[in-house]
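Chemist: Quick one: the structure is below, and I'll ask about it shortly.
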Amino acid sequence: MDVPLEIRFHDIEPSQALEAAIRERVDRLNRMYPRLTSCRVAVEAPHRQHRKGNIFAIHIELGVPGGKLAVTREPHHVREKYATPDIYKTLRDAFDAAERRVLEYKRQVKGEVKAHEDFFHGEVAAVNPTRDHGFITTNTGTQLYFHRNALMECALEDLSPGTAVHYVETVGDTGPIAAKVWRVETRA
């Protein structure tokens with residue numbers, strides 16, 4: 001990397017063990033894609049949970065030639081059942097997502113094109129028709145943003161929290177988004 005690794009801790013005490021785990025995962029990313037130019041990792045405890053323990057957020061920003069890749073694993077919109085007070089699990093999930101993002105970026109740079117788009121199953125978490133967008137809870141517990149224009153064969157007003165949908169995930173300006181969204185057909 002051209003720029004040294006930057007690790008920040010917000011509202012949490014720095015930990016040498018956690019920092020070592022971060023450095024190990026960043027080295028793994030650098031071996032996967034040696035052209036990384038920079039990496040910034042922010043670890044934070046955005047909420048103080050006294051009964052269930054703290055819930056942690058991990059933000060990873062990777063510099064690549066000509067741009068940046070960003071990954072965030074945070075509990076802001078994730079349902080309570082997916083929240084975990086284990087910071088190492090959150091760290092693992094964030095870096096697993098970063099590895100997928102780097103592999104996808106490598107394929108894009110090489111010009112490889114998928115023969116078909118993989119679609120996933122999720123459910124609508126929130127809809128805001130006045131702002132033309134909503135969020136989908138994925139099967140991994142993360143949330144994806146989708147815009148009204150991503151909807152296929154249905155209107156934003158037809159969706160409500162809990163509606164089962166299929167989606168195609170892609171990389172947007174600020175991270176992963178659902179590029180195509182359609183309702184799951186129920187068969188009688």
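Quick note on naming: the chains in the structure tokens go A, B, ... in the order shown, residues restart at 1 in each chain, and ligands are numbered from 1 in order of appearance.
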With a distance cut-off of 8 Å and only C-alpha atoms, select the neighbouring residues of stretch 132-136 of chain A, excluding the residue or stretch itself and same-chain residues fewer than 2 positions from it, and output the selection as an MDAnalysis selection string.
Modeler: chainID A and resid 122:130 138 143:148 156
Chemist: Store the residues picked out above in a file with C-alpha atoms, as a PDB file, in the first residue's frame.
Modeler:
```pdb
ATOM      1  CA  GLY A 122     -34.511 -10.671   1.664  1.00  0.00           C
ATOM      2  CA  GLU A 123     -37.335  -8.690   3.140  1.00  0.00           C
ATOM      3  CA  VAL A 124     -38.262  -5.046   3.156  1.00  0.00           C
ATOM      4  CA  ALA A 125     -37.131  -3.408   6.401  1.00  0.00           C
ATOM      5  CA  ALA A 126     -38.339   0.146   5.768  1.00  0.00           C
ATOM      6  CA  VAL A 127     -39.960   2.158   2.979  1.00  0.00           C
ATOM      7  CA  ASN A 128     -39.976   5.926   2.610  1.00  0.00           C
ATOM      8  CA  PRO A 129     -42.180   6.806  -0.416  1.00  0.00           C
ATOM      9  CA  THR A 130     -41.747  10.560   0.106  1.00  0.00           C
ATOM     10  CA  THR A 138     -30.564  -9.419   3.801  1.00  0.00           C
ATOM     11  CA  GLN A 143     -29.325  -3.709   5.210  1.00  0.00           C
ATOM     12  CA  LEU A 144     -29.213  -2.573   1.620  1.00  0.00           C
ATOM     13  CA  TYR A 145     -30.515   0.709   0.293  1.00  0.00           C
ATOM     14  CA  PHE A 146     -32.746   0.642  -2.775  1.00  0.00           C
ATOM     15  CA  HIS A 147     -34.222   3.464  -4.838  1.00  0.00           C
ATOM     16  CA  ARG A 148     -37.678   3.569  -6.404  1.00  0.00           C
ATOM     17  CA  LEU A 156     -42.741   1.552  -3.874  1.00  0.00           C
TER      18      LEU A 156
END
```
Chemist: For stretch 164-178 of chain A, work out the shell of residues within 12 Å, counting only C-alpha atoms and skipping chain neighbours fewer than 3 positions away, then give it as a PyMOL selection string.
Modeler: chain A and resi 59-62+67-73+97-98+100-102+104-105+108+116-125+133-139+142-154+158-161+181-186
Chemist: Between A:His10, A:Glu19, A:Phe56, A:Leu5, which one has atoms that come closest to A:Thr37, using only C-alpha atoms?
Modeler: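 Going through A:His10, A:Glu19, A:Phe56, A:Leu5 one by one, the smallest distance to A:Thr37 is for A:Leu5.
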Chemist: Determine which residues of stretch 12-183 of chain A receive a DSSP assignment of alpha helix (DSSP H), computed from the backbone, and state them as an MDAnalysis selection string.
Modeler: chainID A and resid 16:32 87:110
Chemist: Nearest residue to A:Tyr88 out of A:Asp11, A:Leu36, A:Glu6, A:Val43, using only C-alpha atoms?
Modeler: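 Checking each of A:Asp11, A:Leu36, A:Glu6, A:Val43 against A:Tyr88, counting only C-alpha atoms, the winner is A:Val43.
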Chemist: Would you pick out the contacts of A:Asp86 at 8 Å or less, using only C-alpha atoms, so that residues sharing its chain but fewer than 3 positions from it are not included, and give the list as a VMD selection string?
Modeler: chain A and resid 55 to 56 89 to 90
Chemist: Taking into account only C-alpha atoms, which residue in the set A:Ala20, A:Val109, A:Ala179, A:Val26 is nearest to A:Gly66?
Modeler: A:Val109
